[in-house]
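Shown next: run_21.cif, containing mmCIF, C-alpha atoms.
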```cif
data_run
loop_
_atom_site.label_atom_id
_atom_site.label_comp_id
_atom_site.auth_asym_id
_atom_site.auth_seq_id
_atom_site.Cartn_x
_atom_site.Cartn_y
_atom_site.Cartn_z
CA MET A 1 0.00 0.00 0.00
CA SER A 2 0.99 3.62 -0.47
CA THR A 3 2.50 5.13 2.64
CA GLY A 4 0.83 7.50 5.06
CA ILE A 5 -2.76 7.00 3.94
CA GLY A 6 -3.98 6.66 7.52
CA GLU A 7 -2.48 10.07 8.34
CA LEU A 8 -3.93 11.95 5.36
CA LYS A 9 -5.72 15.17 6.25
CA GLY A 10 -7.57 17.41 3.83
CA THR A 11 -7.33 17.13 0.05
CA VAL A 12 -3.87 16.61 -1.40
CA ARG A 13 -3.69 17.22 -5.15
CA SER A 14 -0.94 16.22 -7.49
CA THR A 15 0.25 18.79 -10.01
CA ALA A 16 -1.98 17.67 -12.85
CA ALA A 17 -5.00 17.07 -10.59
CA ALA A 18 -5.37 20.79 -10.00
CA ASP A 19 -8.60 22.43 -11.13
CA ILE A 20 -8.94 22.98 -14.84
CA GLU A 21 -8.38 26.67 -15.47
CA ASP A 22 -8.93 26.79 -19.18
CA THR A 23 -11.34 24.56 -21.03
CA ASP A 24 -9.95 25.51 -24.41
CA ALA A 25 -8.48 22.51 -26.19
CA ILE A 26 -6.34 24.76 -28.40
CA VAL A 27 -3.02 25.66 -26.78
CA THR A 28 -0.05 27.56 -28.12
CA LEU A 29 3.47 26.33 -27.44
CA LYS A 30 6.79 28.00 -28.02
CA CYS A 31 9.21 25.76 -29.89
CA THR A 32 12.33 25.17 -27.83
CA GLY A 33 14.32 24.70 -31.06
CA CYS A 34 13.61 27.92 -32.93
CA GLY A 35 11.20 29.92 -30.77
CA ALA A 36 8.27 29.71 -33.20
CA GLU A 37 4.76 29.54 -31.80
CA VAL A 38 2.92 26.30 -32.64
CA VAL A 39 -0.77 25.68 -32.07
CA ILE A 40 -1.87 22.23 -30.82
CA ASN A 41 -5.42 20.91 -30.50
CA THR A 42 -5.14 18.86 -27.30
CA ASP A 43 -8.41 17.07 -28.04
CA GLN A 44 -6.71 15.39 -30.96
CA ASN A 45 -3.05 15.18 -30.15
CA LEU A 46 -0.61 15.86 -27.40
CA LYS A 47 2.32 16.03 -29.78
CA ALA A 48 3.15 18.22 -32.74
CA ARG A 49 6.05 19.12 -34.93
CA CYS A 50 7.29 22.65 -35.32
CA HIS A 51 6.51 23.59 -38.90
CA TRP A 52 9.70 25.72 -39.09
CA CYS A 53 12.47 23.53 -37.67
CA LYS A 54 10.67 20.15 -37.42
CA SER A 55 11.46 19.78 -33.70
CA VAL A 56 8.99 17.54 -31.93
CA LEU A 57 6.97 19.44 -29.36
CA SER A 58 5.05 17.68 -26.65
CA LEU A 59 2.92 18.73 -23.74
CA ASN A 60 5.05 17.28 -21.01
CA ASN A 61 4.74 20.52 -19.12
CA ARG A 62 1.57 21.21 -17.22
CA ILE A 63 -1.17 22.76 -19.27
CA ALA A 64 -4.13 23.85 -17.16
CA ASN A 65 -6.81 22.45 -19.43
CA GLY A 66 -6.90 18.89 -18.13
CA ALA A 67 -5.00 17.49 -21.12
CA VAL A 68 -1.80 16.54 -19.35
CA PRO A 69 -1.89 14.04 -16.46
CA ASP A 70 0.72 13.23 -13.85
CA GLY A 71 1.14 9.68 -15.01
CA ILE A 72 0.30 7.23 -17.72
CA LEU A 73 0.03 3.45 -17.89
CA PRO A 74 1.33 2.31 -21.29
CA PHE A 75 -0.49 -0.30 -23.38
CA THR A 76 0.83 -3.85 -23.03
CA ILE A 77 -2.00 -5.50 -24.96
CA THR A 78 -1.42 -5.15 -28.69
CA LYS A 79 -4.06 -4.23 -31.21
CA GLU A 80 -4.00 -7.77 -32.61
CA GLN A 81 -4.61 -9.24 -29.16
CA ALA A 82 -7.45 -6.79 -28.55
CA MET A 83 -9.02 -7.58 -31.92
CA LYS A 84 -8.94 -11.28 -31.09
CA SER A 85 -10.55 -10.60 -27.71
CA ILE A 86 -13.45 -8.63 -29.07
CA LEU A 87 -13.94 -11.07 -31.93
CA ASN A 88 -14.26 -13.94 -29.45
CA PHE A 89 -16.58 -11.83 -27.31
CA VAL A 90 -18.87 -11.15 -30.25
CA LEU A 91 -18.74 -14.71 -31.59
CA GLU A 92 -20.08 -15.94 -28.25
CA ARG A 93 -23.04 -13.62 -28.79
CA ARG A 94 -23.77 -13.95 -32.47
CA THR A 95 -27.01 -15.95 -32.17
CA TYR A 96 -29.15 -13.01 -31.09
CA ALA A 97 -26.93 -10.12 -32.19
CA SER A 98 -28.50 -7.36 -34.26
CA PRO A 99 -28.04 -8.12 -37.99
CA VAL A 100 -26.91 -4.55 -38.68
CA PHE A 101 -24.22 -4.93 -36.02
CA GLN A 102 -23.09 -8.28 -37.42
CA ARG A 103 -22.88 -6.93 -40.97
CA THR A 104 -20.78 -3.92 -39.96
CA PHE A 105 -18.62 -5.45 -37.22
CA VAL A 106 -14.96 -4.98 -38.15
CA PRO A 107 -12.56 -5.78 -35.29
CA ALA A 108 -9.81 -3.78 -37.00
CA ASN A 109 -11.79 -0.63 -36.26
CA ILE A 110 -10.96 -0.98 -32.58
CA MET A 111 -9.18 2.12 -31.24
CA GLY A 112 -6.53 2.47 -28.60
CA VAL A 113 -7.54 5.32 -26.31
CA TYR A 114 -6.00 6.69 -23.16
CA LEU A 115 -8.91 7.62 -20.90
CA PRO A 116 -8.62 10.10 -18.02
CA TYR A 117 -8.98 8.92 -14.44
CA MET A 118 -7.78 9.90 -11.00
CA THR A 119 -6.32 7.55 -8.46
CA VAL A 120 -7.43 8.33 -4.94
CA ASP A 121 -5.98 7.37 -1.59
CA GLY A 122 -8.51 7.95 1.19
CA ASN A 123 -8.45 8.19 4.95
CA VAL A 124 -12.16 7.80 5.70
CA ASP A 125 -14.57 7.09 8.54
CA ALA A 126 -17.97 5.58 7.95
CA GLU A 127 -20.92 5.08 10.26
CA LEU A 128 -23.64 2.67 9.21
CA GLU A 129 -26.94 2.23 10.99
CA GLY A 130 -29.58 -0.39 10.37
CA VAL A 131 -31.42 -3.44 11.62
CA GLY A 132 -30.27 -7.05 11.85
CA GLU A 133 -32.27 -10.15 12.70
CA ILE A 134 -31.24 -13.45 14.27
CA LEU A 135 -33.38 -16.53 13.65
CA ILE A 136 -34.68 -18.12 16.84
CA SER A 137 -36.93 -20.86 15.44
CA SER A 138 -39.08 -21.81 12.44
CA ARG A 139 -42.17 -23.97 12.03
CA ARG A 140 -44.11 -25.23 9.07
CA VAL A 141 -47.61 -23.74 9.11
CA ASN A 142 -48.96 -25.63 6.11
CA ASP A 143 -47.77 -27.02 2.76
CA HIS A 144 -47.16 -23.52 1.46
CA ALA A 145 -45.93 -21.47 4.42
CA THR A 146 -43.34 -21.41 7.16
CA GLU A 147 -43.36 -19.14 10.18
CA TYR A 148 -40.06 -17.68 11.42
CA THR A 149 -39.49 -16.32 14.91
CA ALA A 150 -36.60 -13.88 15.10
CA ALA A 151 -34.90 -11.38 17.38
CA SER A 152 -34.45 -7.92 15.89
CA PHE A 153 -31.52 -5.61 16.72
CA ASN A 154 -30.62 -2.03 15.96
CA ILE A 155 -27.03 -2.10 14.64
CA VAL A 156 -24.47 0.69 14.45
CA ALA A 157 -21.12 0.05 12.77
CA ASP A 158 -18.21 2.52 13.00
CA ILE A 159 -15.40 1.78 10.58
CA SER A 160 -12.23 3.65 9.67
CA LEU A 161 -10.43 2.76 6.46
CA ALA A 162 -7.20 3.59 4.68
CA VAL A 163 -8.02 3.07 0.99
CA ASP A 164 -5.21 2.68 -1.52
CA ASP A 165 -5.53 3.62 -5.19
CA LEU A 166 -9.26 3.79 -5.70
CA ILE A 167 -9.84 4.74 -9.37
CA VAL A 168 -12.42 7.31 -10.46
CA GLU A 169 -13.41 8.35 -13.99
CA THR A 170 -12.77 12.02 -14.79
CA SER A 171 -14.45 12.21 -18.18
CA SER A 172 -18.02 13.47 -17.88
CA SER A 173 -19.04 11.46 -20.94
CA LYS A 174 -17.94 8.22 -19.29
CA VAL A 175 -18.60 8.70 -15.58
CA ASN A 176 -22.33 7.98 -15.66
CA ILE A 177 -22.47 4.18 -15.66
CA HIS A 178 -26.27 4.21 -15.63
CA SER A 179 -26.55 6.20 -18.83
CA GLU A 180 -29.41 5.12 -21.09
CA ILE A 181 -27.65 6.36 -24.24
CA SER A 182 -24.17 4.95 -23.75
CA THR A 183 -23.06 1.65 -22.24
CA ASN A 184 -20.42 3.28 -20.03
CA ASN A 185 -20.69 0.58 -17.38
CA VAL A 186 -18.79 -1.67 -19.78
CA ILE A 187 -15.74 0.59 -19.61
CA ASN A 188 -16.18 1.00 -15.87
CA ALA A 189 -16.10 -2.80 -15.50
CA LEU A 190 -12.56 -2.90 -16.93
CA LEU A 191 -11.27 -1.41 -13.65
CA PRO A 192 -8.98 -1.89 -11.86
CA PHE A 193 -5.71 -1.25 -13.62
CA ASP A 194 -2.25 -1.97 -12.18
CA VAL A 195 -1.74 1.69 -11.29
CA LYS A 196 1.28 0.90 -9.13
CA ASN A 197 3.13 0.57 -12.47
CA ILE A 198 2.22 4.04 -13.67
CA VAL A 199 5.07 6.05 -15.18
CA ARG A 200 5.56 9.79 -15.37
CA PHE A 201 3.56 11.21 -18.28
CA ASP A 202 5.40 11.59 -21.55
CA ALA A 203 3.43 12.37 -24.71
CA ASN A 204 5.69 10.02 -26.65
CA TYR A 205 3.78 7.11 -25.10
CA LEU A 206 0.84 8.10 -27.25
CA GLY A 207 2.80 7.75 -30.48
CA ASP A 208 0.77 7.79 -33.66
CA GLU A 209 -1.25 4.72 -32.77
CA PHE A 210 -3.19 5.98 -29.77
CA THR A 211 -5.42 8.91 -28.96
CA SER A 212 -6.27 10.35 -25.59
CA GLU A 213 -9.31 11.92 -24.02
CA ARG A 214 -8.94 15.10 -22.00
CA ARG A 215 -10.00 15.23 -18.35
CA ASP A 216 -13.00 17.56 -17.97
CA MET A 217 -13.88 16.89 -14.33
CA ASP A 218 -12.20 18.45 -11.33
CA ILE A 219 -11.78 16.83 -7.94
CA ASP A 220 -14.91 18.56 -6.62
CA GLU A 221 -16.99 16.75 -9.23
CA ALA A 222 -15.17 13.43 -9.00
CA GLU A 223 -15.34 13.43 -5.21
CA MET A 224 -18.98 12.31 -5.06
CA PHE A 225 -18.10 9.24 -7.12
CA ALA A 226 -15.13 8.53 -4.87
CA ALA A 227 -17.39 8.91 -1.81
CA ASN A 228 -19.81 6.41 -3.31
CA HIS A 229 -16.97 3.90 -3.72
CA PHE A 230 -15.66 4.58 -0.19
CA LEU A 231 -19.11 3.74 1.18
CA THR A 232 -19.25 0.60 -0.95
CA ILE A 233 -15.89 -0.49 0.47
CA ALA A 234 -17.01 0.34 4.03
CA ARG A 235 -20.21 -1.68 3.64
CA GLY A 236 -18.27 -4.63 2.24
CA ALA A 237 -15.66 -4.44 5.00
CA THR A 238 -18.29 -4.74 7.74
CA ASN A 239 -19.85 -7.91 6.33
CA PRO A 240 -17.59 -10.41 8.14
CA SER A 241 -18.82 -8.88 11.43
CA LEU A 242 -22.47 -9.46 10.55
CA ARG A 243 -22.48 -13.24 10.34
CA LYS A 244 -24.43 -13.68 13.57
CA TYR A 245 -27.44 -11.94 12.00
CA THR A 246 -28.64 -15.09 10.32
CA ARG A 247 -31.70 -13.47 8.73
CA GLY A 248 -29.64 -10.67 7.27
CA VAL A 249 -29.12 -6.96 7.78
CA ARG A 250 -30.85 -3.95 6.33
CA TRP A 251 -28.73 -0.80 6.38
CA ASP A 252 -30.88 2.32 6.60
CA LYS A 253 -28.35 5.09 7.12
CA GLU A 254 -24.83 5.74 5.75
CA ARG A 255 -22.54 8.50 6.98
CA LEU A 256 -19.10 9.13 5.50
CA ARG A 257 -16.41 11.52 6.70
CA ILE A 258 -13.44 11.99 4.39
CA GLU A 259 -10.61 12.89 6.78
CA GLY A 260 -8.06 13.12 4.01
CA SER A 261 -7.57 12.21 0.37
CA ARG A 262 -4.75 12.26 -2.14
CA TRP A 263 -5.51 12.61 -5.85
CA THR A 264 -3.37 11.92 -8.90
CA ALA A 265 -4.42 12.48 -12.51
CA VAL A 266 -3.60 9.59 -14.81
CA LEU A 267 -4.30 8.24 -18.30
CA LEU A 268 -5.21 4.56 -18.51
CA PRO A 269 -5.15 2.42 -21.67
CA VAL A 270 -8.36 1.04 -23.16
CA TRP A 271 -9.03 -0.62 -26.50
CA LEU A 272 -12.48 0.57 -27.52
CA TYR A 273 -14.96 -0.54 -30.17
CA GLY A 274 -18.14 1.48 -30.52
CA PHE A 275 -21.37 0.85 -32.37
CA VAL A 276 -24.31 3.25 -32.49
CA GLU A 277 -27.68 1.53 -32.47
CA VAL A 278 -30.75 3.49 -33.46
CA ARG A 279 -33.80 2.09 -31.76
CA LYS A 280 -37.24 3.69 -31.56
CA GLY A 281 -35.74 6.99 -32.68
CA ARG A 282 -33.06 6.93 -29.96
CA GLN A 283 -29.33 6.50 -30.37
CA ILE A 284 -27.56 4.12 -28.01
CA THR A 285 -23.78 3.72 -28.17
CA HIS A 286 -22.68 0.16 -27.43
CA PHE A 287 -19.06 -0.35 -26.38
CA ILE A 288 -16.89 -3.42 -26.42
CA ALA A 289 -13.79 -2.61 -24.40
CA VAL A 290 -10.51 -4.31 -23.59
CA ASN A 291 -8.30 -3.42 -20.64
CA GLY A 292 -5.07 -2.36 -22.33
CA ARG A 293 -2.95 -3.96 -19.59
CA ASN A 294 -4.48 -7.33 -18.79
CA GLY A 295 -6.77 -8.00 -21.75
CA PHE A 296 -9.96 -8.26 -19.70
CA THR A 297 -12.86 -7.75 -22.10
CA MET A 298 -16.38 -6.54 -21.46
CA GLY A 299 -19.02 -5.31 -23.81
CA SER A 300 -22.57 -4.70 -24.84
CA VAL A 301 -23.74 -6.31 -28.07
CA PRO A 302 -26.90 -4.88 -29.64
CA ILE A 303 -29.72 -7.42 -29.69
CA ASN A 304 -31.96 -8.67 -32.48
CA TRP A 305 -35.11 -7.99 -30.50
CA GLY A 306 -37.44 -9.55 -33.02
CA LYS A 307 -35.59 -12.87 -32.80
CA VAL A 308 -35.37 -12.77 -29.01
CA HIS A 309 -39.08 -12.10 -28.60
CA ALA A 310 -39.91 -14.84 -31.10
CA VAL A 311 -37.73 -17.40 -29.33
CA ALA A 312 -38.67 -16.47 -25.76
CA TRP A 313 -42.42 -16.17 -26.25
CA GLY A 314 -42.53 -18.93 -28.86
CA THR A 315 -40.96 -21.24 -26.29
CA ALA A 316 -43.42 -20.02 -23.66
CA ILE A 317 -46.36 -20.71 -25.98
CA GLY A 318 -44.99 -24.11 -27.00
CA ILE A 319 -44.53 -25.27 -23.43
CA SER A 320 -47.93 -23.87 -22.44
CA ALA A 321 -49.56 -25.70 -25.34
CA VAL A 322 -48.47 -28.96 -23.71
CA ALA A 323 -48.63 -27.98 -20.04
CA TRP A 324 -51.97 -26.21 -19.90
CA PRO A 325 -54.12 -29.12 -21.20
CA LEU A 326 -52.30 -31.33 -18.69
CA ALA A 327 -53.05 -28.87 -15.92
CA ILE A 328 -56.71 -28.66 -16.88
CA ALA A 329 -57.00 -32.45 -17.07
CA LEU A 330 -55.33 -32.81 -13.69
CA ALA A 331 -57.63 -30.20 -12.14
CA ILE A 332 -60.74 -31.89 -13.58
CA ALA A 333 -59.60 -35.32 -12.39
CA ASP A 334 -58.90 -33.98 -8.94
CA PHE A 335 -62.29 -32.24 -8.82
CA ALA A 336 -64.10 -35.37 -10.00
CA SER A 337 -62.47 -37.53 -7.37
CA MET B 338 -56.31 -32.53 2.18
CA SER B 339 -52.60 -32.66 1.63
CA ASP B 340 -53.17 -34.70 -1.56
CA ASN B 341 -55.48 -31.92 -2.84
CA ASN B 342 -52.82 -29.33 -1.94
CA GLY B 343 -50.19 -31.38 -3.80
CA VAL B 344 -52.37 -31.60 -6.91
CA GLY B 345 -53.15 -27.88 -6.64
CA ALA B 346 -49.45 -27.05 -6.54
CA ALA B 347 -48.86 -29.27 -9.59
CA VAL B 348 -51.64 -27.53 -11.53
CA VAL B 349 -50.21 -24.10 -10.72
CA ALA B 350 -46.71 -25.26 -11.69
CA LEU B 351 -47.97 -26.56 -15.04
CA PHE B 352 -49.75 -23.27 -15.79
CA MET B 353 -46.63 -21.27 -14.85
CA ALA B 354 -44.13 -23.45 -16.74
CA GLY B 355 -44.51 -21.76 -20.15
CA PRO B 356 -44.52 -18.08 -19.09
CA THR B 357 -41.72 -18.68 -16.57
CA THR B 358 -39.53 -20.30 -19.20
CA GLY B 359 -40.19 -17.44 -21.63
CA ILE B 360 -39.30 -14.80 -19.05
CA PHE B 361 -36.19 -16.72 -18.03
CA LEU B 362 -34.94 -17.03 -21.63
CA TYR B 363 -35.62 -13.34 -22.35
CA SER B 364 -33.81 -12.21 -19.20
CA ARG B 365 -30.82 -14.51 -19.75
CA ILE B 366 -30.26 -13.34 -23.31
CA LYS B 367 -30.64 -9.69 -22.36
CA SER B 368 -28.21 -10.12 -19.47
CA LYS B 369 -25.57 -11.92 -21.55
CA TYR B 370 -25.68 -9.41 -24.40
CA ARG B 371 -26.11 -6.13 -22.56
CA ASN B 372 -24.08 -6.88 -19.39
CA ARG B 373 -25.87 -4.08 -17.59
CA ASP B 374 -24.72 -5.37 -14.18
CA ALA B 375 -21.02 -5.30 -15.09
CA ARG B 376 -19.21 -2.73 -12.95
CA TYR B 377 -16.05 -1.79 -11.06
CA LYS B 378 -16.18 -3.64 -7.74
CA PRO B 379 -14.05 -1.60 -5.34
CA GLU B 380 -15.30 -3.64 -2.39
CA THR B 381 -13.34 -6.64 -3.70
CA VAL B 382 -10.53 -5.27 -5.89
CA VAL B 383 -9.31 -2.15 -4.08
CA LYS B 384 -6.68 -2.54 -1.40
CA TYR B 385 -7.68 -1.13 1.95
CA GLU B 386 -6.81 -1.43 5.61
CA VAL B 387 -9.39 -1.36 8.38
CA THR B 388 -7.88 0.81 11.07
CA LYS B 389 -10.93 0.66 13.32
CA LEU B 390 -14.13 -1.40 13.38
CA GLU B 391 -16.78 -1.35 16.08
CA VAL B 392 -20.18 -2.98 15.69
CA ARG B 393 -22.71 -2.36 18.46
CA ASP B 394 -26.23 -3.70 18.65
CA THR B 395 -29.25 -3.07 20.85
CA ALA B 396 -32.09 -5.55 21.15
CA LEU B 397 -35.29 -4.18 19.65
CA ARG B 398 -38.00 -6.83 19.77
CA GLN B 399 -38.96 -10.36 18.93
CA LEU B 400 -41.01 -10.84 15.79
CA VAL B 401 -42.77 -13.50 13.75
CA SER B 402 -42.50 -13.40 9.97
CA ARG B 403 -43.49 -15.50 6.93
CA SER B 404 -40.32 -14.37 5.12
CA PRO B 405 -37.02 -16.27 5.59
CA VAL B 406 -35.00 -13.04 5.48
CA ILE B 407 -35.29 -9.55 6.95
CA ALA B 408 -37.35 -7.15 4.86
CA GLY B 409 -35.08 -5.02 2.65
CA ASP B 410 -31.97 -7.14 3.28
CA ASN B 411 -29.18 -5.18 1.56
CA HIS B 412 -25.93 -6.23 3.19
CA ARG B 413 -24.99 -8.28 0.10
CA THR B 414 -25.35 -5.27 -2.22
CA PRO B 415 -22.82 -2.80 -0.79
CA HIS B 416 -22.73 -0.82 -4.05
CA VAL B 417 -26.39 0.18 -3.74
CA ARG B 418 -26.75 3.31 -1.64
CA VAL B 419 -29.47 3.58 0.97
CA ALA B 420 -31.94 6.47 0.93
CA ASP B 421 -30.34 8.32 3.86
CA VAL B 422 -26.72 9.13 2.95
CA ALA B 423 -24.55 12.01 4.10
CA VAL B 424 -20.93 12.79 3.23
CA VAL B 425 -18.73 15.37 4.94
CA LYS B 426 -15.18 16.39 4.22
CA GLU B 427 -12.68 17.53 6.82
#
```

Could you show the structure in this file as structure tokens?
Amino acid sequence: MSTGIGELKGTVRSTAAADIEDTDAIVTLKCTGCGAEVVINTDQNLKARCHWCKSVLSLNNRIANGAVPDGILPFTITKEQAMKSILNFVLERRTYASPVFQRTFVPANIMGVYLPYMTVDGNVDAELEGVGEILISSRRVNDHATEYTAASFNIVADISLAVDDLIVETSSSKVNIHSEISTNNVINALLPFDVKNIVRFDANYLGDEFTSERRDMDIDEAEMFAANHFLTIARGATNPSLRKYTRGVRWDKERLRIEGSRWTAVLLPVWLYGFVEVRKGRQITHFIAVNGRNGFTMGSVPINWGKVHAVAWGTAIGISAVAWPLAIALAIADFAS
Amino acid sequence: MSDNNGVGAAVVALFMAGPTTGIFLYSRIKSKYRNRDARYKPETVVKYEVTKLEVRDTALRQLVSRSPVIAGDNHRTPHVRVADVAVVKE
């Protein structure tokens, strides 16, 4: 684990995790070779060549528009490996895949993208309050019902945690994993990455093969997502202490205090394939994504709804066509006897 | 009586067999293709250290229920927030 997490107080920001001061993607750099001014669109590239002396310019210095992170995790999964992964993923789902998707699916169109995240170390306290029940006895009332006698308890759990390298999305287009128009949860599911192997950012890691997305969320906006994850961790960490409540626990109240946190802006590697489905006049972007470090693949494949409905309800009707006459005959026979 | 109850249960099961199978197939396909439940699971993959844990309980009452579990049992879904949540920062 990173050192000193338990002693963190307040919000500690790395250099590149500072608030975005300028949302303009266009920045002007002075060439260190000849002094010329070169304009770079940081939404498209973090490198450029001076058009006068051909020196390579790169944004290794901090630019306050969210484009340059503190660290980057280079791709280790090649494009060929990623293509194979998504091909296998789709082949396992070809039976009910949308025919438009199947016709246009080209694994070679997968793109290597560095997506913006922040890693967060947290020194947090959580208080959970709820009710737990312990089973005392049970008795069968009739053929259909059982009666359970239980003891009910009010439970309060106080837990303090030192959390190491939680990862939070810092792209507003990707952070909502419940979006109805974009299957962002698929990209979210690729986490975690081996962020302990992050290296200092150098635009040369992008090369010509990869693109990057600029961070457009500050810590203030990302903090609510981090808090959500801290509470999830706190709830999970209390579970071993709840085993005596044999009928389960219902948490009713969650309180979180963030004593201290440490934030670092990073770019993480993702192979991304996107497909836009138009359904009932609405556009939904389906992603198939590959973790650029360990090859873990997750995706959403658009469905041939006509075929699914036909199979599901056709099966239901077929089984009912046999089962219902049997049921009626059984009921009549039982009534007659 | 118990024979009648057994036959009754069989009749209900036969009526339910078709619709249940259809719903099951539809849900399974949708789940496999859409993967809506896929997510980052910090509760299992993030490294953390518990520096303090105290669990206190107070007896409330004894109750009788027809359900095998407590109403609203949510301790197995730590990623789902409860209605009453508050976050403060030092």

Quick one: residues within 9 Å of A:Ala108, all atoms listed in the file, excluding same-chain residues fewer than 4 positions away - as a PDB file with C-alpha atoms, keeping the file's coordinate frame?
```pdb
ATOM      1  CA  LYS A  79      -4.060  -4.230 -31.210  1.00  0.00           C
ATOM      2  CA  GLU A  80      -4.000  -7.770 -32.610  1.00  0.00           C
ATOM      3  CA  MET A  83      -9.020  -7.580 -31.920  1.00  0.00           C
TER       4      MET A  83
END
```

Return as a ChimeraX atom specification the set of residues that the PyMOL selection byres ((chain A) within 6 of (chain B)) yields on the displayed structure.
/A:10,146-164,185,188-189,191,232-233,235-236,247-250,252-259,300-301,312-313,316,319-320,323-324,327

Kindly give the distance, in Å, that separates atom CA of A:Asn304 and atom CA of A:Ala97, rounded to a single decimal.
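So the two atoms, atom CA of A:Asn304 and atom CA of A:Ala97, lie 5.2 Å apart.
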
Contacts of A:Val27 at 7 Å (all atoms listed in the file; same-chain gap of 3+ positions) as a count of residues only:
3

Assuming the chain letters and numbering stay as they are in my file, what does the PyMOL selection byres ((chain A and resi 77) around 9) actually select? List them as a list in words.
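When the PyMOL selection byres ((chain A and resi 77) around 9) is applied, the selected residues are Phe75, Thr76, Thr78, Lys79, Glu80, Gln81, Ala82, Trp271, Val290, Asn291, Gly292, Arg293, Asn294 and Gly295 of chain A.
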
So how many Å separate atom CA of A:Arg200 and atom CA of A:Asp218, to one decimal?
20.2 Å
